[in-house]
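K.L.:
File structure.cif follows (mmCIF, N, CA and C atoms):
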```cif
data_run
#
loop_
_atom_site.label_atom_id
_atom_site.label_comp_id
_atom_site.auth_asym_id
_atom_site.auth_seq_id
_atom_site.Cartn_x
_atom_site.Cartn_y
_atom_site.Cartn_z
N MET A 1 73.29 111.19 92.12
CA MET A 1 72.84 110.29 93.16
C MET A 1 71.34 110.15 93.04
N TYR A 2 70.88 108.94 93.19
CA TYR A 2 69.46 108.64 93.19
C TYR A 2 69.08 108.20 94.59
N THR A 3 67.96 108.70 95.10
CA THR A 3 67.51 108.30 96.43
C THR A 3 66.16 107.61 96.29
N HIS A 4 66.02 106.49 96.97
CA HIS A 4 64.74 105.81 97.03
C HIS A 4 64.63 105.14 98.39
N TYR A 5 63.49 104.56 98.66
CA TYR A 5 63.25 103.98 99.97
C TYR A 5 63.08 102.48 99.85
N LEU A 6 63.66 101.76 100.82
CA LEU A 6 63.57 100.31 100.88
C LEU A 6 62.65 99.92 102.03
N HIS A 7 61.84 98.91 101.80
CA HIS A 7 61.03 98.35 102.88
C HIS A 7 61.85 97.25 103.53
N THR A 8 62.17 97.41 104.80
CA THR A 8 62.94 96.42 105.53
C THR A 8 62.18 96.02 106.78
N LYS A 9 62.68 95.01 107.47
CA LYS A 9 62.02 94.58 108.70
C LYS A 9 62.09 95.66 109.78
N GLU A 10 63.06 96.57 109.65
CA GLU A 10 63.16 97.69 110.60
C GLU A 10 62.26 98.85 110.20
N GLY A 11 61.60 98.75 109.05
CA GLY A 11 60.73 99.83 108.57
C GLY A 11 61.26 100.39 107.27
N LEU A 12 60.81 101.56 106.94
CA LEU A 12 61.22 102.23 105.71
C LEU A 12 62.59 102.86 105.89
N GLN A 13 63.55 102.53 105.02
CA GLN A 13 64.89 103.09 105.11
C GLN A 13 65.25 103.76 103.80
N MET A 14 65.93 104.91 103.90
CA MET A 14 66.38 105.60 102.72
C MET A 14 67.58 104.86 102.12
N SER A 15 67.54 104.70 100.82
CA SER A 15 68.65 104.08 100.10
C SER A 15 69.12 105.08 99.06
N ASN A 16 70.39 105.06 98.76
CA ASN A 16 70.91 105.95 97.75
C ASN A 16 71.85 105.19 96.83
N ILE A 17 71.82 105.57 95.56
CA ILE A 17 72.73 104.99 94.59
C ILE A 17 73.73 106.07 94.24
N VAL A 18 74.99 105.79 94.52
CA VAL A 18 76.06 106.76 94.36
C VAL A 18 76.96 106.29 93.22
N ASN A 19 77.28 107.22 92.32
CA ASN A 19 78.16 106.92 91.20
C ASN A 19 79.60 107.20 91.60
N GLY A 20 80.52 106.41 91.07
CA GLY A 20 81.93 106.63 91.32
C GLY A 20 82.75 106.37 90.08
N SER A 21 83.93 106.99 90.04
CA SER A 21 84.82 106.78 88.90
C SER A 21 86.26 107.07 89.32
N CYS A 22 87.17 106.49 88.55
CA CYS A 22 88.59 106.77 88.76
C CYS A 22 88.95 108.08 88.06
N LEU A 23 90.18 108.50 88.20
CA LEU A 23 90.64 109.77 87.63
C LEU A 23 90.50 109.82 86.11
N CYS A 24 90.83 108.74 85.42
CA CYS A 24 90.78 108.76 83.95
C CYS A 24 89.42 108.38 83.40
N GLY A 25 88.50 107.89 84.25
CA GLY A 25 87.16 107.53 83.81
C GLY A 25 87.04 106.12 83.27
N GLU A 26 88.11 105.36 83.28
CA GLU A 26 88.08 103.97 82.80
C GLU A 26 87.19 103.09 83.67
N VAL A 27 87.30 103.26 85.00
CA VAL A 27 86.56 102.44 85.95
C VAL A 27 85.39 103.26 86.50
N THR A 28 84.17 102.76 86.29
CA THR A 28 82.98 103.43 86.82
C THR A 28 82.05 102.38 87.42
N CYS A 29 81.31 102.79 88.42
CA CYS A 29 80.31 101.89 89.00
C CYS A 29 79.28 102.69 89.79
N ASN A 30 78.18 102.04 90.09
CA ASN A 30 77.18 102.56 91.00
C ASN A 30 77.23 101.71 92.26
N ILE A 31 77.12 102.35 93.41
CA ILE A 31 77.12 101.63 94.68
C ILE A 31 75.85 102.04 95.42
N THR A 32 75.15 101.05 95.91
CA THR A 32 73.88 101.30 96.60
C THR A 32 74.11 101.36 98.10
N GLY A 33 73.68 102.47 98.71
CA GLY A 33 73.70 102.62 100.16
C GLY A 33 72.37 102.14 100.72
N PRO A 34 72.10 102.33 101.97
CA PRO A 34 72.90 103.15 102.87
C PRO A 34 74.22 102.46 103.23
N PHE A 35 75.23 103.28 103.47
CA PHE A 35 76.55 102.78 103.81
C PHE A 35 76.62 102.50 105.31
N GLU A 36 77.43 101.51 105.68
CA GLU A 36 77.48 101.05 107.06
C GLU A 36 78.53 101.75 107.91
N ARG A 37 79.70 102.01 107.34
CA ARG A 37 80.80 102.61 108.10
C ARG A 37 81.62 103.53 107.21
N PHE A 38 82.23 104.52 107.84
CA PHE A 38 83.14 105.42 107.13
C PHE A 38 84.29 105.70 108.10
N TYR A 39 85.46 105.17 107.78
CA TYR A 39 86.63 105.32 108.64
C TYR A 39 87.73 106.09 107.91
N GLN A 40 88.45 106.88 108.66
CA GLN A 40 89.70 107.47 108.20
C GLN A 40 90.81 106.70 108.89
N CYS A 41 91.53 105.90 108.10
CA CYS A 41 92.54 105.03 108.68
C CYS A 41 93.92 105.67 108.56
N HIS A 42 94.58 105.86 109.70
CA HIS A 42 95.88 106.51 109.78
C HIS A 42 97.04 105.52 109.87
N CYS A 43 96.79 104.22 109.66
CA CYS A 43 97.88 103.24 109.78
C CYS A 43 98.95 103.51 108.73
N ASP A 44 100.16 103.05 109.02
CA ASP A 44 101.26 103.31 108.09
C ASP A 44 101.03 102.66 106.73
N ARG A 45 100.29 101.56 106.68
CA ARG A 45 99.98 100.92 105.40
C ARG A 45 99.06 101.80 104.55
N CYS A 46 98.04 102.37 105.18
CA CYS A 46 97.11 103.24 104.44
C CYS A 46 97.80 104.54 104.02
N GLN A 47 98.77 105.00 104.81
CA GLN A 47 99.54 106.16 104.38
C GLN A 47 100.30 105.83 103.10
N LYS A 48 100.88 104.66 103.04
CA LYS A 48 101.62 104.25 101.84
C LYS A 48 100.70 104.10 100.63
N LYS A 49 99.54 103.44 100.83
CA LYS A 49 98.66 103.20 99.69
C LYS A 49 98.00 104.47 99.19
N SER A 50 97.71 105.42 100.08
CA SER A 50 97.04 106.64 99.67
C SER A 50 98.02 107.75 99.28
N GLY A 51 99.26 107.64 99.76
CA GLY A 51 100.22 108.71 99.53
C GLY A 51 99.87 109.95 100.32
N SER A 52 99.09 109.77 101.39
CA SER A 52 98.63 110.89 102.19
C SER A 52 98.61 110.52 103.66
N ALA A 53 98.00 111.36 104.48
CA ALA A 53 98.00 111.15 105.92
C ALA A 53 97.11 109.99 106.35
N PHE A 54 96.08 109.70 105.55
CA PHE A 54 95.16 108.62 105.91
C PHE A 54 94.38 108.19 104.68
N ALA A 55 93.75 107.04 104.76
CA ALA A 55 92.84 106.56 103.73
C ALA A 55 91.42 106.75 104.25
N SER A 56 90.56 107.28 103.42
CA SER A 56 89.14 107.46 103.76
C SER A 56 88.36 106.33 103.10
N LEU A 57 87.86 105.40 103.90
CA LEU A 57 87.25 104.18 103.38
C LEU A 57 85.82 104.03 103.86
N ILE A 58 84.92 103.75 102.92
CA ILE A 58 83.50 103.57 103.21
C ILE A 58 83.16 102.10 102.99
N PHE A 59 82.40 101.54 103.92
CA PHE A 59 82.07 100.12 103.89
C PHE A 59 80.57 99.91 103.71
N THR A 60 80.23 98.92 102.90
CA THR A 60 78.86 98.44 102.76
C THR A 60 78.94 96.96 102.43
N SER A 61 77.80 96.31 102.26
CA SER A 61 77.86 94.87 101.97
C SER A 61 78.39 94.63 100.55
N TYR A 62 79.01 93.49 100.39
CA TYR A 62 79.76 93.15 99.18
C TYR A 62 78.93 93.17 97.90
N ASP A 63 77.61 92.99 98.01
CA ASP A 63 76.76 92.85 96.83
C ASP A 63 76.13 94.17 96.37
N LYS A 64 76.62 95.29 96.86
CA LYS A 64 76.00 96.58 96.57
C LYS A 64 76.64 97.34 95.41
N VAL A 65 77.51 96.69 94.66
CA VAL A 65 78.20 97.37 93.56
C VAL A 65 77.67 96.89 92.21
N GLU A 66 77.48 97.83 91.29
CA GLU A 66 77.14 97.54 89.90
C GLU A 66 78.23 98.17 89.04
N TRP A 67 79.09 97.34 88.48
CA TRP A 67 80.18 97.85 87.65
C TRP A 67 79.59 98.31 86.32
N LEU A 68 79.91 99.52 85.93
CA LEU A 68 79.43 100.08 84.67
C LEU A 68 80.49 99.97 83.59
N SER A 69 81.76 100.12 83.97
CA SER A 69 82.87 99.98 83.01
C SER A 69 84.16 99.75 83.76
N GLY A 70 85.10 99.12 83.08
CA GLY A 70 86.47 99.03 83.55
C GLY A 70 86.78 98.05 84.66
N GLU A 71 85.85 97.21 85.06
CA GLU A 71 86.14 96.27 86.15
C GLU A 71 87.38 95.42 85.83
N LYS A 72 87.54 95.05 84.56
CA LYS A 72 88.70 94.24 84.17
C LYS A 72 89.98 95.06 84.11
N SER A 73 89.86 96.38 84.19
CA SER A 73 91.05 97.25 84.21
C SER A 73 91.56 97.49 85.63
N THR A 74 90.91 96.88 86.62
CA THR A 74 91.37 97.06 87.99
C THR A 74 92.42 96.02 88.34
N LYS A 75 93.31 96.41 89.18
CA LYS A 75 94.34 95.50 89.72
C LYS A 75 94.20 95.51 91.22
N ARG A 76 94.62 94.42 91.83
CA ARG A 76 94.50 94.30 93.28
C ARG A 76 95.81 93.77 93.86
N PHE A 77 96.16 94.33 94.99
CA PHE A 77 97.33 93.87 95.73
C PHE A 77 96.89 93.53 97.14
N ASP A 78 97.08 92.29 97.54
CA ASP A 78 96.82 91.85 98.92
C ASP A 78 98.17 91.72 99.60
N LEU A 79 98.39 92.51 100.63
CA LEU A 79 99.67 92.49 101.33
C LEU A 79 99.87 91.13 102.00
N PRO A 80 100.94 90.41 101.62
CA PRO A 80 101.18 89.10 102.24
C PRO A 80 101.31 89.23 103.76
N ASN A 81 100.85 88.24 104.45
CA ASN A 81 100.92 88.18 105.92
C ASN A 81 100.07 89.23 106.63
N ALA A 82 99.21 89.93 105.90
CA ALA A 82 98.29 90.87 106.53
C ALA A 82 96.90 90.27 106.46
N GLU A 83 96.20 90.31 107.57
CA GLU A 83 94.88 89.70 107.64
C GLU A 83 93.86 90.43 106.78
N ARG A 84 93.93 91.78 106.74
CA ARG A 84 92.87 92.55 106.08
C ARG A 84 93.33 93.48 104.98
N PHE A 85 94.58 93.82 104.92
CA PHE A 85 95.00 94.91 104.05
C PHE A 85 95.03 94.53 102.57
N SER A 86 94.37 95.37 101.76
CA SER A 86 94.37 95.23 100.30
C SER A 86 94.41 96.61 99.68
N ASN A 87 94.80 96.65 98.43
CA ASN A 87 94.77 97.88 97.66
C ASN A 87 94.29 97.52 96.26
N ALA A 88 93.26 98.20 95.78
CA ALA A 88 92.77 97.99 94.43
C ALA A 88 92.84 99.32 93.70
N PHE A 89 93.21 99.26 92.42
CA PHE A 89 93.43 100.50 91.69
C PHE A 89 93.20 100.30 90.20
N CYS A 90 92.95 101.38 89.50
CA CYS A 90 92.80 101.38 88.05
C CYS A 90 94.18 101.18 87.44
N SER A 91 94.29 100.25 86.52
CA SER A 91 95.59 99.98 85.90
C SER A 91 96.00 101.08 84.93
N GLN A 92 95.10 101.97 84.56
CA GLN A 92 95.42 103.07 83.65
C GLN A 92 95.96 104.29 84.39
N CYS A 93 95.23 104.73 85.44
CA CYS A 93 95.61 105.99 86.11
C CYS A 93 96.09 105.81 87.54
N GLY A 94 95.93 104.62 88.11
CA GLY A 94 96.41 104.35 89.46
C GLY A 94 95.46 104.76 90.58
N SER A 95 94.31 105.34 90.24
CA SER A 95 93.34 105.74 91.28
C SER A 95 92.85 104.52 92.04
N GLN A 96 92.64 104.69 93.33
CA GLN A 96 92.07 103.61 94.12
C GLN A 96 90.61 103.40 93.72
N VAL A 97 90.19 102.15 93.71
CA VAL A 97 88.84 101.77 93.31
C VAL A 97 88.25 100.80 94.35
N PRO A 98 86.94 100.61 94.33
CA PRO A 98 86.32 99.68 95.29
C PRO A 98 86.81 98.24 95.11
N TYR A 99 86.73 97.49 96.21
CA TYR A 99 87.11 96.08 96.18
C TYR A 99 86.37 95.35 97.30
N ILE A 100 86.29 94.04 97.14
CA ILE A 100 85.67 93.19 98.17
C ILE A 100 86.74 92.89 99.21
N SER A 101 86.39 93.03 100.48
CA SER A 101 87.34 92.75 101.56
C SER A 101 87.84 91.31 101.47
N ARG A 102 88.99 91.07 102.04
CA ARG A 102 89.62 89.74 101.95
C ARG A 102 88.76 88.65 102.56
N ASP A 103 87.94 89.00 103.56
CA ASP A 103 87.05 87.99 104.15
C ASP A 103 85.74 87.86 103.38
N GLY A 104 85.56 88.66 102.32
CA GLY A 104 84.38 88.57 101.48
C GLY A 104 83.12 89.21 102.04
N GLN A 105 83.23 89.90 103.17
CA GLN A 105 82.04 90.43 103.82
C GLN A 105 81.65 91.84 103.39
N PHE A 106 82.62 92.65 102.95
CA PHE A 106 82.35 94.06 102.69
C PHE A 106 82.84 94.51 101.32
N LEU A 107 82.14 95.49 100.79
CA LEU A 107 82.66 96.27 99.68
C LEU A 107 83.36 97.45 100.33
N VAL A 108 84.64 97.62 100.05
CA VAL A 108 85.43 98.72 100.59
C VAL A 108 85.60 99.75 99.47
N THR A 109 85.12 100.97 99.72
CA THR A 109 85.17 102.00 98.69
C THR A 109 85.99 103.18 99.17
N PRO A 110 87.04 103.56 98.44
CA PRO A 110 87.76 104.78 98.78
C PRO A 110 86.80 105.96 98.58
N ALA A 111 86.67 106.80 99.59
CA ALA A 111 85.70 107.91 99.53
C ALA A 111 85.97 108.82 98.33
N GLY A 112 87.22 109.03 97.97
CA GLY A 112 87.55 109.90 96.86
C GLY A 112 87.13 109.35 95.51
N PHE A 113 86.80 108.07 95.42
CA PHE A 113 86.32 107.45 94.19
C PHE A 113 84.90 107.91 93.86
N LEU A 114 84.15 108.30 94.90
CA LEU A 114 82.73 108.64 94.71
C LEU A 114 82.55 110.03 94.11
N ASN A 115 81.64 110.13 93.16
CA ASN A 115 81.30 111.40 92.52
C ASN A 115 80.14 112.09 93.21
N ASP A 116 79.37 111.35 93.98
CA ASP A 116 78.17 111.86 94.63
C ASP A 116 78.31 111.78 96.15
N ASP A 117 77.43 112.45 96.85
CA ASP A 117 77.40 112.45 98.31
C ASP A 117 76.94 111.08 98.80
N PRO A 118 77.76 110.39 99.59
CA PRO A 118 77.36 109.07 100.09
C PRO A 118 76.37 109.13 101.26
N LEU A 119 76.04 110.33 101.70
CA LEU A 119 75.11 110.52 102.83
C LEU A 119 75.62 109.89 104.11
N ILE A 120 76.93 109.89 104.28
CA ILE A 120 77.56 109.43 105.51
C ILE A 120 78.84 110.25 105.66
N VAL A 121 79.21 110.54 106.89
CA VAL A 121 80.45 111.28 107.17
C VAL A 121 81.37 110.37 107.97
N PRO A 122 82.67 110.70 108.02
CA PRO A 122 83.57 109.85 108.81
C PRO A 122 83.06 109.67 110.24
N GLN A 123 83.09 108.43 110.69
CA GLN A 123 82.62 108.07 112.03
C GLN A 123 83.76 107.86 113.00
N ALA A 124 84.95 107.57 112.46
CA ALA A 124 86.08 107.30 113.34
C ALA A 124 87.39 107.51 112.61
N ASN A 125 88.39 107.92 113.36
CA ASN A 125 89.78 107.94 112.91
C ASN A 125 90.43 106.75 113.59
N ILE A 126 90.85 105.77 112.78
CA ILE A 126 91.39 104.54 113.36
C ILE A 126 92.90 104.48 113.17
N PHE A 127 93.56 103.72 114.01
CA PHE A 127 95.02 103.60 114.05
C PHE A 127 95.67 104.98 114.19
N ILE A 128 95.06 105.82 115.00
CA ILE A 128 95.51 107.20 115.16
C ILE A 128 96.91 107.28 115.78
N GLU A 129 97.31 106.24 116.52
CA GLU A 129 98.65 106.25 117.11
C GLU A 129 99.74 106.16 116.03
N GLU A 130 99.37 105.75 114.82
CA GLU A 130 100.32 105.68 113.72
C GLU A 130 100.25 106.90 112.80
N LYS A 131 99.50 107.91 113.20
CA LYS A 131 99.30 109.06 112.31
C LYS A 131 100.64 109.67 111.89
N ALA A 132 100.63 110.27 110.71
CA ALA A 132 101.83 110.90 110.16
C ALA A 132 102.32 111.99 111.12
N CYS A 133 103.62 112.10 111.27
CA CYS A 133 104.21 113.07 112.21
C CYS A 133 103.85 114.51 111.84
N TRP A 134 103.45 114.76 110.61
CA TRP A 134 103.11 116.10 110.15
C TRP A 134 101.60 116.35 110.08
N TYR A 135 100.80 115.36 110.48
CA TYR A 135 99.35 115.47 110.35
C TYR A 135 98.77 116.67 111.12
N GLU A 136 99.08 116.79 112.41
CA GLU A 136 98.51 117.87 113.23
C GLU A 136 98.90 119.24 112.70
N ALA A 137 100.17 119.42 112.33
CA ALA A 137 100.61 120.71 111.79
C ALA A 137 99.86 121.04 110.51
N GLY A 138 99.58 120.03 109.71
CA GLY A 138 98.85 120.24 108.47
C GLY A 138 97.43 120.73 108.68
N GLN A 139 96.82 120.35 109.80
CA GLN A 139 95.45 120.77 110.08
C GLN A 139 95.35 122.27 110.37
N SER A 140 96.42 122.86 110.86
CA SER A 140 96.40 124.29 111.19
C SER A 140 97.15 125.14 110.17
N ALA A 141 97.61 124.54 109.08
CA ALA A 141 98.32 125.30 108.03
C ALA A 141 97.36 126.27 107.34
N THR A 142 97.92 127.31 106.74
CA THR A 142 97.13 128.29 106.01
C THR A 142 96.33 127.60 104.91
N LYS A 143 95.07 128.04 104.73
CA LYS A 143 94.18 127.43 103.75
C LYS A 143 93.96 128.39 102.58
N PHE A 144 93.96 127.85 101.36
CA PHE A 144 93.75 128.63 100.14
C PHE A 144 92.63 127.98 99.33
N GLU A 145 91.86 128.77 98.61
CA GLU A 145 90.82 128.24 97.73
C GLU A 145 91.41 127.47 96.55
N ARG A 146 92.55 127.92 96.06
CA ARG A 146 93.23 127.32 94.93
C ARG A 146 94.73 127.31 95.24
N TYR A 147 95.57 127.14 94.21
CA TYR A 147 97.02 127.19 94.44
C TYR A 147 97.39 128.53 95.10
N PRO A 148 98.34 128.52 96.03
CA PRO A 148 98.78 129.78 96.63
C PRO A 148 99.46 130.65 95.57
N VAL A 149 99.32 131.95 95.75
CA VAL A 149 99.90 132.90 94.78
C VAL A 149 101.33 133.17 95.12
#
```
Turn the structure described in the file into structure tokens.

P.N.:
Amino acid sequence: MYTHYLHTKEGLQMSNIVNGSCLCGEVTCNITGPFERFYQCHCDRCQKKSGSAFASLIFTSYDKVEWLSGEKSTKRFDLPNAERFSNAFCSQCGSQVPYISRDGQFLVTPAGFLNDDPLIVPQANIFIEEKACWYEAGQSATKFERYPV
């Protein structure tokens, strides 16, 4: 991660350039912060796309991405009849990758795609009423540093 300062009308703001990559390394990019939002979405659609209890998504403006490799190896699925839902992934390994929101306003980055600290933490758990029935129990399950013995 590289940190530098931007001169804005609000004054001096810290900016960071965060590197990200998919599991196989085919898709890589740099994303410039500061990031605007970080949500953990518990909707049933995000459970399906992530294969987990929620999707961790970081938002910034659409023009903050610099693709380093593999942009043409990404695939995108826009759920028909859904106003906002999309899924973008590496066609080689299936890892979720950044994409421009359907309205063109945001770069949506799966937090797990990032290799560096984005200097933002989750701000909200959204669609919590749709959370997985096993989510709460999972939070209090025994924790191990590695695979259980």

K.L.:
Could you check which of A:Thr32, A:Ser95, A:Asn125, A:Ser69 is closest to Ile17 in chain A, using only N, CA and C atoms?

P.N.:
A:Thr32

K.L.:
Counting only C-alpha atoms, which residues in range 29-80 of chain A sit no more than 8 Å from range 118-124 of chain A? For each one, give the nearest pair of atoms and the distance in Å, sorted by chain then residue number, as CSV.

P.N.:
```
residue,atom,partner,partner_atom,distance
A:Gly33,CA,A:Pro118,CA,7.4
A:Pro34,CA,A:Leu119,CA,7.7
A:Phe35,CA,A:Ile120,CA,6.9
A:Arg37,CA,A:Gln123,CA,7.0
A:Phe38,CA,A:Pro122,CA,4.8
A:Tyr39,CA,A:Ala124,CA,5.1
A:Gln40,CA,A:Ala124,CA,6.3
A:Ser56,CA,A:Pro122,CA,7.9
```

K.L.:
Could you tell me how far atom C of Ile128 in chain A lies from atom N of Ala82 in chain A, in Å and to one decimal?

P.N.:
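Calculated distance between atom C of Ile128 in chain A and atom N of Ala82 in chain A is 20.1 Å.
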
K.L.:
Which of these residues is nearest to Glu26 in chain A, using only C-alpha atoms: A:Tyr99, A:Tyr135, A:Tyr62, A:Trp67?

P.N.:
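Of all the options, A:Trp67 lies closest to Glu26 in chain A.
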
K.L.:
Can you pull out every residue within 7 Å of range 101-110 of chain A, counting only C-alpha atoms, but drop anything in the same chain fewer than 5 positions away, and send it as a PyMOL selection string?

P.N.:
chain A and resi 56-62+84+96

K.L.:
Taking N, CA and C atoms for each residue, export the selection above as an mmCIF file, keeping the file's coordinate frame.

P.N.:
```cif
data_model
loop_
_atom_site.group_PDB
_atom_site.id
_atom_site.type_symbol
_atom_site.label_atom_id
_atom_site.label_comp_id
_atom_site.auth_asym_id
_atom_site.auth_seq_id
_atom_site.Cartn_x
_atom_site.Cartn_y
_atom_site.Cartn_z
ATOM 1 N N SER A 56 90.560 107.280 103.420
ATOM 2 C CA SER A 56 89.140 107.460 103.760
ATOM 3 C C SER A 56 88.360 106.330 103.100
ATOM 4 N N LEU A 57 87.860 105.400 103.900
ATOM 5 C CA LEU A 57 87.250 104.180 103.380
ATOM 6 C C LEU A 57 85.820 104.030 103.860
ATOM 7 N N ILE A 58 84.920 103.750 102.920
ATOM 8 C CA ILE A 58 83.500 103.570 103.210
ATOM 9 C C ILE A 58 83.160 102.100 102.990
ATOM 10 N N PHE A 59 82.400 101.540 103.920
ATOM 11 C CA PHE A 59 82.070 100.120 103.890
ATOM 12 C C PHE A 59 80.570 99.910 103.710
ATOM 13 N N THR A 60 80.230 98.920 102.900
ATOM 14 C CA THR A 60 78.860 98.440 102.760
ATOM 15 C C THR A 60 78.940 96.960 102.430
ATOM 16 N N SER A 61 77.800 96.310 102.260
ATOM 17 C CA SER A 61 77.860 94.870 101.970
ATOM 18 C C SER A 61 78.390 94.630 100.550
ATOM 19 N N TYR A 62 79.010 93.490 100.390
ATOM 20 C CA TYR A 62 79.760 93.150 99.180
ATOM 21 C C TYR A 62 78.930 93.170 97.900
ATOM 22 N N ARG A 84 93.930 91.780 106.740
ATOM 23 C CA ARG A 84 92.870 92.550 106.080
ATOM 24 C C ARG A 84 93.330 93.480 104.980
ATOM 25 N N GLN A 96 92.640 104.690 93.330
ATOM 26 C CA GLN A 96 92.070 103.610 94.120
ATOM 27 C C GLN A 96 90.610 103.400 93.720
#
```

K.L.:
With the PyMOL selection byres ((chain A and resi 27) around 8) as the selection, what would be picked from this file? Answer as a PyMOL selection string, please.

P.N.:
chain A and resi 20-26+28-29+67-74+90-92+97

K.L.:
Step one, run DSSP on the backbone; step two, keep only residues of chain A assigned to alpha helix (DSSP H); then write them as a VMD selection string.

P.N.:
chain A and resid 44 to 50 135 to 139

K.L.:
Assuming the chain letters and numbering stay as they are in my file, what does the PyMOL selection byres ((chain A and resi 116) around 6) actually select? List them as a ChimeraX atom specification.

P.N.:
/A:1,18-20,114-115,117-118

K.L.:
What's the separation between CA of Phe77 in chain A and atom C of Cys133 in chain A, in Å to one decimal place?

P.N.:
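Calculated distance between CA of Phe77 in chain A and atom C of Cys133 in chain A is 27.0 Å.
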
K.L.:
Quick one: pick out all strand (DSSP E) residues within range 10-101 of chain A from a backbone DSSP run and write them as a PyMOL selection string.

P.N.:
chain A and resi 11-21+28-32+37-41+55-61+65-69+74-78+86-90+99-100

K.L.:
For CA of Asn16 in chain A and CA of Phe113 in chain A, determine how far apart the two atoms are, in Å to one decimal place.

P.N.:
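Computed distance, CA of Asn16 in chain A to CA of Phe113 in chain A, equals 15.9 Å.
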
K.L.:
Applied to the shown file, which residues does the PyMOL selection byres ((chain A and resi 130) around 6.5) return, written as a VMD selection string?

P.N.:
chain A and resid 42 to 44 127 to 129 131 to 133
